[in-house]
$ cat model.cif   # mmCIF, C-alpha atoms
data_entry
loop_
_atom_site.label_atom_id
_atom_site.label_comp_id
_atom_site.auth_asym_id
_atom_site.auth_seq_id
_atom_site.Cartn_x
_atom_site.Cartn_y
_atom_site.Cartn_z
CA MET X 1 0.00 0.00 0.00
CA ILE X 2 1.23 3.52 -0.81
CA ASN X 3 1.45 5.71 2.29
CA SER X 4 0.16 8.91 0.77
CA ILE X 5 -0.91 10.15 -2.62
CA LEU X 6 -1.44 13.68 -3.88
CA LEU X 7 -3.83 14.19 -6.80
CA VAL X 8 -3.80 17.49 -8.69
CA ASP X 9 -6.79 17.69 -11.02
CA ASP X 10 -9.24 20.47 -11.82
CA GLU X 11 -12.18 18.02 -11.97
CA ASN X 12 -13.62 17.76 -8.47
CA LEU X 13 -15.84 14.86 -9.42
CA PHE X 14 -12.78 12.91 -10.47
CA HIS X 15 -11.28 13.43 -7.00
CA LEU X 16 -14.13 11.37 -5.55
CA ILE X 17 -13.83 8.66 -8.17
CA PHE X 18 -10.09 8.45 -7.75
CA GLU X 19 -10.47 8.19 -3.99
CA ASP X 20 -13.14 5.48 -4.35
CA ALA X 21 -10.99 3.50 -6.75
CA CYS X 22 -7.97 3.82 -4.45
CA ASN X 23 -10.06 2.66 -1.50
CA LEU X 24 -11.53 -0.29 -3.36
CA LEU X 25 -8.12 -1.38 -4.62
CA ASN X 26 -6.43 -0.79 -1.25
CA ILE X 27 -3.92 1.52 -2.87
CA THR X 28 -3.71 4.11 -0.11
CA LEU X 29 -5.46 5.33 3.00
CA SER X 30 -4.17 8.85 2.72
CA LEU X 31 -5.17 10.76 -0.36
CA LYS X 32 -5.06 14.51 -0.75
CA SER X 33 -6.76 16.13 -3.74
CA LEU X 34 -6.08 19.64 -5.02
CA ASN X 35 -7.74 21.34 -7.97
CA SER X 36 -5.10 23.80 -9.16
CA ALA X 37 -1.40 23.85 -9.95
CA GLU X 38 -0.92 26.92 -7.74
CA LYS X 39 -2.45 25.13 -4.75
CA ALA X 40 -0.15 22.18 -5.38
CA GLU X 41 2.85 24.49 -5.52
CA ASP X 42 1.75 26.20 -2.31
CA TYR X 43 1.26 22.81 -0.70
CA PHE X 44 4.83 21.85 -1.52
CA LYS X 45 6.12 25.26 -0.44
CA ASP X 46 4.29 25.35 2.89
CA ILE X 47 4.02 21.78 4.04
CA VAL X 48 6.65 19.81 2.23
CA ALA X 49 9.45 22.34 2.49
CA LYS X 50 8.75 23.20 6.14
CA LEU X 51 7.72 19.87 7.62
CA LYS X 52 9.90 17.74 5.34
CA LYS X 53 6.93 15.48 4.86
CA ARG X 54 6.04 14.81 1.27
CA PRO X 55 3.57 12.50 -0.44
CA ASP X 56 4.94 9.21 -1.75
CA CYS X 57 3.27 9.61 -5.07
CA VAL X 58 1.84 12.51 -7.07
CA PHE X 59 -0.70 12.26 -9.89
CA VAL X 60 -0.91 15.45 -11.95
CA ASP X 61 -3.52 16.27 -14.58
CA LEU X 62 -2.04 17.50 -17.86
CA ASN X 63 -4.39 20.44 -18.44
CA ILE X 64 -5.33 21.90 -15.09
CA ILE X 65 -8.02 24.37 -16.14
CA GLY X 66 -7.86 27.66 -14.25
CA SER X 67 -4.18 27.27 -13.39
CA ALA X 68 -1.31 29.47 -14.52
CA PHE X 69 0.77 26.51 -15.70
CA ASP X 70 0.10 22.99 -16.91
CA GLY X 71 0.82 19.59 -15.44
CA VAL X 72 4.20 19.17 -17.16
CA GLU X 73 5.41 22.47 -15.70
CA LEU X 74 4.14 21.46 -12.25
CA ILE X 75 6.04 18.16 -12.50
CA ARG X 76 9.19 20.09 -13.44
CA LYS X 77 8.76 22.39 -10.44
CA ILE X 78 8.04 19.56 -8.00
CA ASN X 79 10.93 17.47 -9.28
CA TYR X 80 13.55 20.19 -9.30
CA GLU X 81 12.44 22.27 -6.32
CA TYR X 82 10.81 19.95 -3.79
CA GLY X 83 10.37 16.38 -4.83
CA ASP X 84 13.26 14.27 -3.76
CA ASN X 85 12.30 10.66 -4.55
CA VAL X 86 8.65 11.44 -5.14
CA VAL X 87 7.05 9.10 -7.62
CA ILE X 88 5.34 11.51 -9.98
CA GLY X 89 3.37 11.20 -13.20
CA ILE X 90 0.58 12.48 -15.36
CA ILE X 91 -3.05 11.43 -15.25
CA SER X 92 -4.84 12.72 -18.31
CA SER X 93 -7.57 11.89 -20.79
CA SER X 94 -5.05 12.66 -23.54
CA ASP X 95 -2.81 9.99 -25.07
CA ASP X 96 -0.65 12.44 -27.02
CA GLN X 97 2.86 11.06 -27.57
CA PHE X 98 4.39 14.52 -27.94
CA GLU X 99 3.02 15.52 -24.53
CA GLN X 100 4.23 12.22 -23.11
CA SER X 101 7.77 12.90 -24.29
CA LYS X 102 7.56 16.41 -22.77
CA ALA X 103 6.39 14.92 -19.47
CA LEU X 104 9.22 12.39 -19.54
CA LYS X 105 11.76 15.15 -20.05
CA ALA X 106 10.22 17.06 -17.12
CA GLY X 107 10.76 14.04 -14.89
CA ALA X 108 7.44 12.17 -15.06
CA GLN X 109 7.78 8.46 -14.36
CA PHE X 110 4.42 7.35 -15.72
CA TRP X 111 1.43 8.44 -17.75
CA MET X 112 -2.04 7.19 -16.93
CA VAL X 113 -4.87 7.68 -19.42
CA LYS X 114 -7.92 8.91 -17.55
CA THR X 115 -11.11 7.29 -18.74
CA ASP X 116 -14.05 5.76 -16.90
CA GLU X 117 -12.14 2.44 -16.71
CA ILE X 118 -9.46 3.73 -14.33
CA GLU X 119 -9.38 0.78 -11.91
CA PRO X 120 -7.40 -1.76 -14.00
CA ARG X 121 -4.76 0.89 -14.67
CA LEU X 122 -4.54 1.81 -11.01
CA GLN X 123 -4.18 -1.88 -10.11
CA GLN X 124 -1.33 -2.21 -12.60
CA PHE X 125 0.26 0.95 -11.21
CA LYS X 126 -0.06 -0.41 -7.67
CA ASN X 127 1.83 -3.53 -8.74
CA ASP X 128 4.57 -1.45 -10.40
CA PHE X 129 4.87 1.08 -7.58
CA PRO X 130 7.79 -0.55 -5.71
CA LYS X 131 9.81 -0.46 -8.95
CA TYR X 132 9.03 3.24 -9.33
CA VAL X 133 10.28 3.87 -5.79
CA ASN X 134 13.63 2.19 -6.41
CA ARG X 135 13.81 3.73 -9.91
CA THR X 136 13.96 0.45 -11.83
CA GLN X 137 10.72 0.95 -13.73
CA ASN X 138 10.89 2.68 -17.10
CA PHE X 139 8.43 5.39 -18.13
CA THR X 140 5.15 3.54 -18.57
CA VAL X 141 1.92 4.59 -20.23
CA TYR X 142 -1.13 2.98 -18.63
CA LYS X 143 -3.96 2.89 -21.15
CA MET K 1 -4.05 -0.04 13.82
CA ILE K 2 -6.75 1.24 16.14
CA LYS K 3 -8.06 -0.80 19.04
CA ILE K 4 -11.69 -0.33 20.03
CA ASP K 5 -12.53 -0.55 23.74
CA GLU K 6 -15.60 -2.30 25.11
CA SER K 7 -17.67 0.84 25.63
CA THR K 8 -17.06 2.16 22.10
CA ARG K 9 -17.70 -1.29 20.66
CA LYS K 10 -21.08 -1.46 22.44
CA GLN K 11 -22.03 2.03 21.27
CA LEU K 12 -21.10 1.24 17.68
CA LEU K 13 -23.07 -2.02 17.70
CA ASP K 14 -26.11 -0.33 19.31
CA CYS K 15 -26.01 2.46 16.76
CA TYR K 16 -25.99 -0.14 13.98
CA LYS K 17 -28.85 -2.14 15.52
CA ASP K 18 -31.05 0.89 16.28
CA ASN K 19 -30.41 3.13 13.29
CA GLU K 20 -28.44 1.00 10.82
CA ILE K 21 -25.62 3.54 10.96
CA VAL K 22 -22.12 2.14 10.50
CA LEU K 23 -18.63 3.58 10.31
CA GLU K 24 -17.42 4.29 6.81
CA GLY K 25 -14.30 5.35 4.93
CA HIS K 26 -10.64 4.58 5.33
CA ILE K 27 -10.90 4.36 9.13
CA LEU K 28 -12.55 0.93 8.78
CA LYS K 29 -9.33 -0.50 7.40
CA LEU K 30 -7.44 0.74 10.44
CA ILE K 31 -9.65 -0.83 13.11
CA GLU K 32 -8.13 -3.94 14.59
CA SER K 33 -10.24 -7.03 14.82
CA THR K 34 -10.90 -8.01 18.49
CA GLY K 35 -11.69 -11.62 17.80
CA ASP K 36 -15.24 -10.90 18.84
CA GLN K 37 -17.52 -12.52 16.23
CA GLU K 38 -20.25 -9.90 16.51
CA PHE K 39 -17.90 -6.97 16.11
CA ASP K 40 -15.97 -8.71 13.31
CA LEU K 41 -19.28 -9.18 11.50
CA TYR K 42 -20.04 -5.49 12.10
CA LEU K 43 -16.69 -4.49 10.59
CA LYS K 44 -17.16 -6.84 7.64
CA GLU K 45 -20.64 -5.45 6.90
CA ALA K 46 -19.44 -1.85 7.32
CA ILE K 47 -16.57 -2.44 4.86
CA GLU K 48 -18.94 -4.13 2.38
CA LYS K 49 -21.43 -1.28 2.71
CA ASP K 50 -18.70 1.29 2.18
CA ALA K 51 -17.38 -0.59 -0.86
CA LEU K 52 -20.92 -0.80 -2.25
CA VAL K 53 -21.40 2.96 -1.95
CA ARG K 54 -18.05 3.62 -3.62
CA ARG K 55 -18.75 1.09 -6.37
CA LYS K 56 -22.14 2.73 -6.97
CA ARG K 57 -20.49 6.14 -7.21
CA ILE K 58 -17.90 4.87 -9.68
CA ASP K 59 -20.62 3.24 -11.79
CA GLU K 60 -22.64 6.45 -11.76
CA PHE K 61 -19.55 8.35 -12.85
CA LYS K 62 -19.00 5.88 -15.69
CA LEU K 63 -22.63 6.31 -16.73
CA VAL K 64 -22.31 10.10 -16.65
CA GLN K 65 -19.09 9.88 -18.68
CA THR K 66 -20.77 7.63 -21.26
CA GLN K 67 -23.76 9.96 -21.44
CA ASN K 68 -21.43 12.92 -21.82
CA VAL K 69 -19.65 11.24 -24.70
CA GLN K 70 -23.00 10.41 -26.34
CA LEU K 71 -24.20 13.95 -25.72
CA GLN K 72 -21.09 15.42 -27.31
CA LYS K 73 -21.50 13.04 -30.25
CA SER K 74 -25.16 14.01 -30.65
CA GLU K 75 -24.25 17.67 -30.42
CA LYS K 76 -21.68 17.21 -33.15
CA GLU K 77 -24.24 15.38 -35.32
CA ASN K 78 -26.80 18.12 -34.68
CA GLU K 79 -24.30 20.76 -35.70
CA GLU K 80 -23.53 18.79 -38.85
CA ILE K 81 -27.24 18.48 -39.70
CA LYS K 82 -27.79 22.18 -38.99
CA LYS K 83 -24.90 23.07 -41.27
CA ARG K 84 -26.27 20.84 -44.02
CA LEU K 85 -29.73 22.39 -43.61
CA ARG K 86 -28.27 25.90 -43.78
CA ASP K 87 -26.36 24.96 -46.95
CA ALA K 88 -29.49 23.42 -48.49
CA LEU K 89 -31.49 26.54 -47.60
CA THR K 90 -28.89 28.80 -49.19
CA THR K 91 -28.81 26.64 -52.32
CA ALA K 92 -32.62 26.65 -52.50
CA GLU K 93 -32.67 30.45 -52.07
CA GLN K 94 -30.13 30.85 -54.85
CA ALA K 95 -32.08 28.48 -57.11
CA LYS K 96 -35.29 30.37 -56.33
CA ASN K 97 -33.73 33.73 -57.15
CA LEU K 98 -32.26 32.31 -60.34
CA ALA K 99 -35.61 30.83 -61.37
CA LEU K 100 -37.40 34.12 -60.61
CA GLY K 101 -34.83 36.02 -62.65
CA ASP K 102 -35.22 33.57 -65.53
CA LEU K 103 -38.98 33.80 -65.35
CA GLU K 104 -38.91 37.58 -65.41
CA GLU K 105 -36.54 37.58 -68.34
CA LEU K 106 -38.67 35.04 -70.16
CA GLN K 107 -41.79 37.15 -69.64
CA LYS K 108 -40.03 40.29 -70.86
CA ARG K 109 -38.61 38.49 -73.84
CA SER K 110 -41.98 37.06 -74.88
CA GLN K 111 -43.57 40.51 -74.46
CA VAL K 112 -40.86 42.09 -76.60
CA GLU K 113 -41.18 39.32 -79.19
CA LEU K 114 -44.96 39.84 -79.30
CA ILE K 115 -44.56 43.61 -79.76
CA GLY K 116 -41.94 42.95 -82.44
CA THR K 117 -44.32 40.61 -84.29
CA ILE K 118 -47.18 43.13 -84.05
CA VAL K 119 -44.95 45.92 -85.37
CA ARG K 120 -43.65 43.72 -88.20
CA VAL K 121 -47.14 42.64 -89.25
CA SER K 122 -48.42 46.23 -88.98
CA LEU K 123 -45.51 47.38 -91.14
CA TRP K 124 -46.32 44.77 -93.79
CA ILE K 125 -50.01 45.70 -93.74
CA VAL K 126 -49.26 49.43 -94.01
CA CYS K 127 -46.73 48.91 -96.79
CA GLY K 128 -49.07 46.47 -98.57
CA VAL K 129 -52.01 48.84 -98.41
CA GLY K 130 -49.80 51.75 -99.57
CA ILE K 131 -48.38 49.74 -102.50
CA ILE K 132 -51.80 48.39 -103.57
CA THR K 133 -53.47 51.82 -103.39
CA THR K 134 -50.58 53.46 -105.25
CA ALA K 135 -50.69 50.73 -107.89
CA LEU K 136 -54.45 51.16 -108.34
CA PHE K 137 -54.05 54.95 -108.54
CA GLY K 138 -51.26 54.55 -111.10
CA ILE K 139 -53.33 52.18 -113.23
CA SER K 140 -56.28 54.57 -113.12
CA LEU K 141 -54.03 57.46 -114.21
CA PHE K 142 -52.60 55.53 -117.16
CA THR K 143 -55.88 53.99 -118.30
CA GLY K 144 -57.84 57.27 -117.91
CA VAL K 145 -60.55 55.69 -115.83
CA ASP K 146 -62.46 57.99 -113.48
CA ASN K 147 -60.16 58.11 -110.48
CA LYS K 148 -61.81 60.61 -108.17
CA ILE K 149 -62.59 58.07 -105.47
CA ILE K 150 -59.18 56.36 -105.72
CA GLU K 151 -57.37 59.72 -105.71
CA SER K 152 -59.12 60.90 -102.57
CA ALA K 153 -58.65 57.48 -100.97
CA TRP K 154 -54.94 57.51 -101.95
CA SER K 155 -54.32 61.03 -100.59
CA ASN K 156 -56.34 60.25 -97.41
CA MET K 157 -54.47 57.03 -96.90
CA PHE K 158 -51.05 58.65 -97.37
CA GLY K 159 -52.05 61.42 -94.98
CA ILE K 160 -53.05 58.83 -92.40
CA LEU K 161 -49.91 56.77 -93.14
CA LEU K 162 -47.73 59.84 -92.74
CA THR K 163 -49.37 60.67 -89.42
CA ASN K 164 -49.33 57.10 -88.14
CA SER K 165 -45.85 56.40 -89.42
CA PHE K 166 -44.46 58.55 -86.62
CA SER K 167 -46.17 56.41 -84.02
CA ILE K 168 -45.09 53.23 -85.82
CA ILE K 169 -41.50 54.43 -86.04
CA GLY K 170 -41.72 55.48 -82.39
CA THR K 171 -42.92 51.99 -81.42
CA ILE K 172 -40.14 50.36 -83.50
CA MET K 173 -37.54 52.61 -81.93
CA GLY K 174 -38.96 51.87 -78.47
CA VAL K 175 -38.80 48.11 -79.03
CA LYS K 176 -35.28 48.36 -80.38
CA TYR K 177 -34.22 50.53 -77.46
CA ALA K 178 -35.77 48.07 -74.96
CA THR K 179 -34.11 45.01 -76.45
CA GLY K 180 -30.83 46.86 -77.04
CA GLY K 181 -30.75 48.12 -73.40
CA LYS K 182 -31.27 44.59 -72.08
CA LYS K 183 -28.41 43.29 -74.16
CA GLU K 184 -26.13 46.06 -72.87
CA LYS K 185 -27.05 45.26 -69.27
CA ARG K 186 -26.26 41.59 -69.82
CA CYS K 187 -22.88 42.55 -71.23
CA CYS K 188 -22.18 44.61 -68.12
CA LYS K 189 -23.03 41.58 -65.92
CA CYS K 190 -20.76 39.41 -68.01
CA ASP K 191 -17.93 41.88 -67.54
CA ASP K 192 -18.41 41.73 -63.74
#

$ encode --input "model.cif" --output "structure tokens"
Amino acid sequence: MINSILLVDDENLFHLIFEDACNLLNITLSLKSLNSAEKAEDYFKDIVAKLKKRPDCVFVDLNIIGSAFDGVELIRKINYEYGDNVVIGIISSSDDQFEQSKALKAGAQFWMVKTDEIEPRLQQFKNDFPKYVNRTQNFTVYK
Amino acid sequence: MIKIDESTRKQLLDCYKDNEIVLEGHILKLIESTGDQEFDLYLKEAIEKDALVRRKRIDEFKLVQTQNVQLQKSEKENEEIKKRLRDALTTAEQAKNLALGDLEELQKRSQVELIGTIVRVSLWIVCGVGIITTALFGISLFTGVDNKIIESAWSNMFGILLTNSFSIIGTIMGVKYATGGKKEKRCCKCDD
């Protein structure tokens, strides 16, 4: 089980679904959901930097509507400014290979395609998670 | 893991029995089993109930997503149909305008042709009458037959012809001007 997950997605309804899926699959008991890139940045600035307590895994939406920057930029910021050993990746309805290569360059470790059938992908991710932690898993697209 | 003491256990079980209210959420997975069959059953049912609610929510979300996709598809189809209807309407309007223009032109042309025919026939009649009367008058002059009636008829007829010829020429000129003007207008359109 993953100790804590942070989800950054502008769709509030998806927060609930993601939490339900995580609960049903016993992925984590601690899930925090934020709906903007700025809030995520503030979260890392205030909590992570001060308390030295960071989430084990971060799922970031590619297009966070209403935010000043997109998911790839947020991953870059988290990776280079705060996220030491954080497993981080994109969760998006897009399956664009160009965006995937951009995310990979920014430091994303995985890409999960967000559709209504999210559970099998999350189960697969759960199985791969230990390999992400010890950095032996290559960039994977779950679709 | 969280251990539940006897008093809390009793309160939780009573709450379930009386009001069918159970604990829900992640906390259920952190409560340690006491080995008590009744409380273990309570925990099992609470976890199942919680999972059922979550499953229901996920299924509803899937349904909403599917409906959204269908809605977007229908919207796209509607837009396509609307566009086709608009195109068809524009084409019909153009065809109608073209047909009306053709009809108007046809009517004008037939009117002009009719006037032209009338003028031509009138011209033939006038010329015919003039030639016949002149011929008769000439014959009467050469043969020496009494030509008083023919002479007066000839001079009357030429007087009338002279008077009416202006109106005939006017009509001919009018017809020519009308048909000539139309042709010029068409040329202008062609140039555009």

$ resolve_selection --input "model.cif" --expression "the PyMOL selection byres ((chain X) within 12 of (chain K))" --output "PyMOL selection string"
chain X and resi 1+12-31+93+114-119

$ write_last_selection --input "model.cif" --atoms "C-alpha atoms" --output "CSV table (one decimal), keeping the file's coordinate frame"
chain,number,residue,atom,x,y,z
X,1,MET,CA,0.0,0.0,0.0
X,12,ASN,CA,-13.6,17.8,-8.5
X,13,LEU,CA,-15.8,14.9,-9.4
X,14,PHE,CA,-12.8,12.9,-10.5
X,15,HIS,CA,-11.3,13.4,-7.0
X,16,LEU,CA,-14.1,11.4,-5.6
X,17,ILE,CA,-13.8,8.7,-8.2
X,18,PHE,CA,-10.1,8.4,-7.8
X,19,GLU,CA,-10.5,8.2,-4.0
X,20,ASP,CA,-13.1,5.5,-4.4
X,21,ALA,CA,-11.0,3.5,-6.8
X,22,CYS,CA,-8.0,3.8,-4.4
X,23,ASN,CA,-10.1,2.7,-1.5
X,24,LEU,CA,-11.5,-0.3,-3.4
X,25,LEU,CA,-8.1,-1.4,-4.6
X,26,ASN,CA,-6.4,-0.8,-1.2
X,27,ILE,CA,-3.9,1.5,-2.9
X,28,THR,CA,-3.7,4.1,-0.1
X,29,LEU,CA,-5.5,5.3,3.0
X,30,SER,CA,-4.2,8.8,2.7
X,31,LEU,CA,-5.2,10.8,-0.4
X,93,SER,CA,-7.6,11.9,-20.8
X,114,LYS,CA,-7.9,8.9,-17.6
X,115,THR,CA,-11.1,7.3,-18.7
X,116,ASP,CA,-14.0,5.8,-16.9
X,117,GLU,CA,-12.1,2.4,-16.7
X,118,ILE,CA,-9.5,3.7,-14.3
X,119,GLU,CA,-9.4,0.8,-11.9

$ residues_near_point --input "model.cif" --point "(11.6, 17.5, -16.6)" --cutoff "10 Å" --atoms "only C-alpha atoms" --output "PDB file with C-alpha atoms, in the frame of the given file"
ATOM      1  CA  VAL X  72       4.200  19.170 -17.160  1.00  0.00           C
ATOM      2  CA  GLU X  73       5.410  22.470 -15.700  1.00  0.00           C
ATOM      3  CA  LEU X  74       4.140  21.460 -12.250  1.00  0.00           C
ATOM      4  CA  ILE X  75       6.040  18.160 -12.500  1.00  0.00           C
ATOM      5  CA  ARG X  76       9.190  20.090 -13.440  1.00  0.00           C
ATOM      6  CA  LYS X  77       8.760  22.390 -10.440  1.00  0.00           C
ATOM      7  CA  ILE X  78       8.040  19.560  -8.000  1.00  0.00           C
ATOM      8  CA  ASN X  79      10.930  17.470  -9.280  1.00  0.00           C
ATOM      9  CA  TYR X  80      13.550  20.190  -9.300  1.00  0.00           C
ATOM     10  CA  SER X 101       7.770  12.900 -24.290  1.00  0.00           C
ATOM     11  CA  LYS X 102       7.560  16.410 -22.770  1.00  0.00           C
ATOM     12  CA  ALA X 103       6.390  14.920 -19.470  1.00  0.00           C
ATOM     13  CA  LEU X 104       9.220  12.390 -19.540  1.00  0.00           C
ATOM     14  CA  LYS X 105      11.760  15.150 -20.050  1.00  0.00           C
ATOM     15  CA  ALA X 106      10.220  17.060 -17.120  1.00  0.00           C
ATOM     16  CA  GLY X 107      10.760  14.040 -14.890  1.00  0.00           C
ATOM     17  CA  ALA X 108       7.440  12.170 -15.060  1.00  0.00           C
TER      18      ALA X 108
END

$ atom_distance --input "model.cif" --atom1 "CA of Ile125 (chain K)" --atom2 "CA of Asn156 (chain K)"
16.3 Å

$ residues_around --input "model.cif" --residues "region 147-153 of chain K" --least-positions-apart "2" --cutoff "12 Å" --atoms "only C-alpha atoms" --output "ChimeraX atom specification"
/K:129-130,132-145,155-161

$ atom_distance --input "model.cif" --atom1 "CA of Leu51 (chain X)" --atom2 "CA of Lys126 (chain X)"
26.6 Å

$ residues_around --input "model.cif" --residues "Lys32 (chain X)" --least-positions-apart "5" --cutoff "7 Å" --atoms "all atoms listed in the file" --output "PDB file with C-alpha atoms, keeping the file's coordinate frame"
ATOM      1  CA  ILE X   5      -0.910  10.150  -2.620  1.00  0.00           C
ATOM      2  CA  LEU X   6      -1.440  13.680  -3.880  1.00  0.00           C
ATOM      3  CA  LEU X   7      -3.830  14.190  -6.800  1.00  0.00           C
TER       4      LEU X   7
END

$ closest_residue --input "model.cif" --among "X:Glu81, X:Glu41, X:Asp128, X:Glu11" --to "Gln109 (chain X)" --atoms "all atoms listed in the file"
X:Asp128

$ closest_residue --input "model.cif" --among "X:Gln123, X:Asn35, X:Gln100, X:Asn134" --to "Val87 (chain X)" --atoms "all atoms listed in the file"
X:Asn134
